[in-house]
Amino acid sequence: MPLVASSGPISKQFSKEFCFANADITFKSSDDVLFGVHKAQLEATTGGFVSTELHSKDEVVPLPESSAVLEWLFRFIYPKLRQKLDADLQFEMLDELSEAAEKYEVYNAMDACETRMSETLPNHADRIIHYAIKHNYSAMVDAAAEALLRQPVGQAMKKLPQNLFLAWALYHDQWSNLQRMAIYEHPYGFGGWFSFGVPGK
């Protein structure tokens with residue numbers, strides 16, 4: 001994505017973890033924390049910081065993400081840190097980190113977030129289905145849609161946008177019909193026989 005250098009006042013607060021003396025690019029979070037990192041690492045491990053070569057060492061590039069999100073994100077550009085996402089990571093942070101990882105194409109973070117999002121199900125299924133559809137994780141879409149079946153239809157309607165709810169409602173109806181058939185004809189059910197149709201796909 002295009003990166004624009006800041007022309008406003010420069011914060012003097014550096015991240016304790018990303019304040020390398022030989023850093024050749026500096027980013028500033030939305031809450032004015034600076035992150036000094038290496039262009040070589042960005043080029044080797046990401047695909048979304050395409051214009052870093054246009055910025056000099058003395059420029060500061062503002063990013064819209066918070067310092068908490070960037071702290072997590074930049075750990076994934078340094079392989080020696082061997083970053084993992086633990087189960088105790090708050091979902092709100094995971095959600096924001098997942099979007100940032102996709103936005104800047106931080107490959108290791110994308111993989112870790114996809115795995116952790118899948119492991120989070122059936123919790124937060126309404127948020128996860130948005131993420132999965134947006135970034136084309138079809139298996140996760142199906143898993144999240146199935147997890148939403150545990151919620152009352154009225155509750156799902158409140159959480160999902162209209163176009164997505166309509167698609168899910170059809171999925172719910174299909175699932176309900178198959179379950180009714182299973183009771184009378186197929187005692188072992190129909191698990192895995194159909195998948196959620198993504199709107200517009």
# chains A, B, ... in the order shown; residues from 1 in each chain; ligands from 1

call {"tool": "residues_around", "arguments": {"residues": "segment 70-82 of chain A", "least_positions_apart": "4", "cutoff": "6 Å", "atoms": "only C-alpha atoms", "output": "tab-separated table (two decimals) with N, CA and C atoms, in the first residue's frame"}}
result
chain	number	residue	atom	x	y	z
A	41	GLN	N	13.98	-6.52	6.17
A	41	GLN	CA	13.04	-7.47	6.78
A	41	GLN	C	11.64	-7.30	6.19
A	45	THR	N	9.73	-10.37	4.17
A	45	THR	CA	8.65	-11.08	4.87
A	45	THR	C	7.26	-10.50	4.63
A	108	ASN	N	3.89	-14.34	7.64
A	108	ASN	CA	3.88	-15.18	8.85
A	108	ASN	C	2.71	-14.83	9.76
A	109	ALA	N	2.39	-13.55	9.84
A	109	ALA	CA	1.26	-13.11	10.67
A	109	ALA	C	-0.06	-13.57	10.06

call {"tool": "atom_distance", "arguments": {"atom1": "atom CA of Ala147 of chain A", "atom2": "atom CA of Glu102 of chain A"}}
result
23.4 Å

call {"tool": "select_by_dssp", "arguments": {"residues": "segment 13-171 of chain A", "states": "strand (DSSP E or B)", "output": "PDB file with N, CA and C atoms, in the first residue's frame"}}
result
ATOM      1  N   PHE A  14       9.630   5.832  21.456  1.00  0.00           N
ATOM      2  CA  PHE A  14       9.882   4.646  20.645  1.00  0.00           C
ATOM      3  C   PHE A  14       9.377   3.398  21.356  1.00  0.00           C
ATOM      4  N   SER A  15       8.958   2.444  20.555  1.00  0.00           N
ATOM      5  CA  SER A  15       8.653   1.121  21.088  1.00  0.00           C
ATOM      6  C   SER A  15       9.919   0.553  21.721  1.00  0.00           C
ATOM      7  N   LYS A  16       9.781  -0.047  22.890  1.00  0.00           N
ATOM      8  CA  LYS A  16      10.953  -0.625  23.555  1.00  0.00           C
ATOM      9  C   LYS A  16      11.516  -1.801  22.771  1.00  0.00           C
ATOM     10  N   GLU A  17      10.649  -2.464  22.023  1.00  0.00           N
ATOM     11  CA  GLU A  17      11.078  -3.651  21.288  1.00  0.00           C
ATOM     12  C   GLU A  17      11.613  -3.320  19.901  1.00  0.00           C
ATOM     13  N   PHE A  18      11.117  -2.234  19.310  1.00  0.00           N
ATOM     14  CA  PHE A  18      11.509  -1.888  17.940  1.00  0.00           C
ATOM     15  C   PHE A  18      12.120  -0.491  17.907  1.00  0.00           C
ATOM     16  N   CYS A  19      13.337  -0.420  18.425  1.00  0.00           N
ATOM     17  CA  CYS A  19      14.077   0.845  18.457  1.00  0.00           C
ATOM     18  C   CYS A  19      15.524   0.582  18.049  1.00  0.00           C
ATOM     19  N   ILE A  25      14.006   2.594   8.565  1.00  0.00           N
ATOM     20  CA  ILE A  25      12.685   3.167   8.330  1.00  0.00           C
ATOM     21  C   ILE A  25      11.948   3.221   9.666  1.00  0.00           C
ATOM     22  N   THR A  26      11.213   4.305   9.861  1.00  0.00           N
ATOM     23  CA  THR A  26      10.489   4.503  11.115  1.00  0.00           C
ATOM     24  C   THR A  26       9.009   4.703  10.825  1.00  0.00           C
ATOM     25  N   PHE A  27       8.186   3.942  11.528  1.00  0.00           N
ATOM     26  CA  PHE A  27       6.736   4.075  11.424  1.00  0.00           C
ATOM     27  C   PHE A  27       6.193   4.692  12.709  1.00  0.00           C
ATOM     28  N   LYS A  28       5.068   5.394  12.580  1.00  0.00           N
ATOM     29  CA  LYS A  28       4.413   5.973  13.756  1.00  0.00           C
ATOM     30  C   LYS A  28       2.992   5.442  13.839  1.00  0.00           C
ATOM     31  N   LEU A  34       6.673   5.342  18.020  1.00  0.00           N
ATOM     32  CA  LEU A  34       7.544   5.124  16.869  1.00  0.00           C
ATOM     33  C   LEU A  34       8.093   3.696  16.860  1.00  0.00           C
ATOM     34  N   PHE A  35       8.252   3.167  15.658  1.00  0.00           N
ATOM     35  CA  PHE A  35       8.785   1.818  15.464  1.00  0.00           C
ATOM     36  C   PHE A  35       9.902   1.887  14.431  1.00  0.00           C
ATOM     37  N   GLY A  36      11.120   1.663  14.879  1.00  0.00           N
ATOM     38  CA  GLY A  36      12.251   1.656  13.964  1.00  0.00           C
ATOM     39  C   GLY A  36      12.563   0.231  13.541  1.00  0.00           C
ATOM     40  N   VAL A  37      12.385  -0.071  12.254  1.00  0.00           N
ATOM     41  CA  VAL A  37      12.609  -1.427  11.755  1.00  0.00           C
ATOM     42  C   VAL A  37      13.514  -1.382  10.523  1.00  0.00           C
ATOM     43  N   THR A  46       7.155  -9.428   3.838  1.00  0.00           N
ATOM     44  CA  THR A  46       5.847  -8.820   3.587  1.00  0.00           C
ATOM     45  C   THR A  46       5.696  -8.472   2.108  1.00  0.00           C
ATOM     46  N   VAL A  60       9.421   9.808   8.896  1.00  0.00           N
ATOM     47  CA  VAL A  60       8.536   9.002   9.740  1.00  0.00           C
ATOM     48  C   VAL A  60       7.256   8.734   8.959  1.00  0.00           C
ATOM     49  N   VAL A  61       6.900   7.467   8.852  1.00  0.00           N
ATOM     50  CA  VAL A  61       5.729   7.067   8.072  1.00  0.00           C
ATOM     51  C   VAL A  61       4.581   6.732   9.026  1.00  0.00           C
ATOM     52  N   PRO A  62       3.497   7.513   9.008  1.00  0.00           N
ATOM     53  CA  PRO A  62       2.378   7.233   9.916  1.00  0.00           C
ATOM     54  C   PRO A  62       1.520   6.076   9.417  1.00  0.00           C
ATOM     55  N   VAL A 106       1.726  -9.384   5.696  1.00  0.00           N
ATOM     56  CA  VAL A 106       2.802  -9.908   6.548  1.00  0.00           C
ATOM     57  C   VAL A 106       2.570 -11.413   6.634  1.00  0.00           C
TER      58      VAL A 106
END
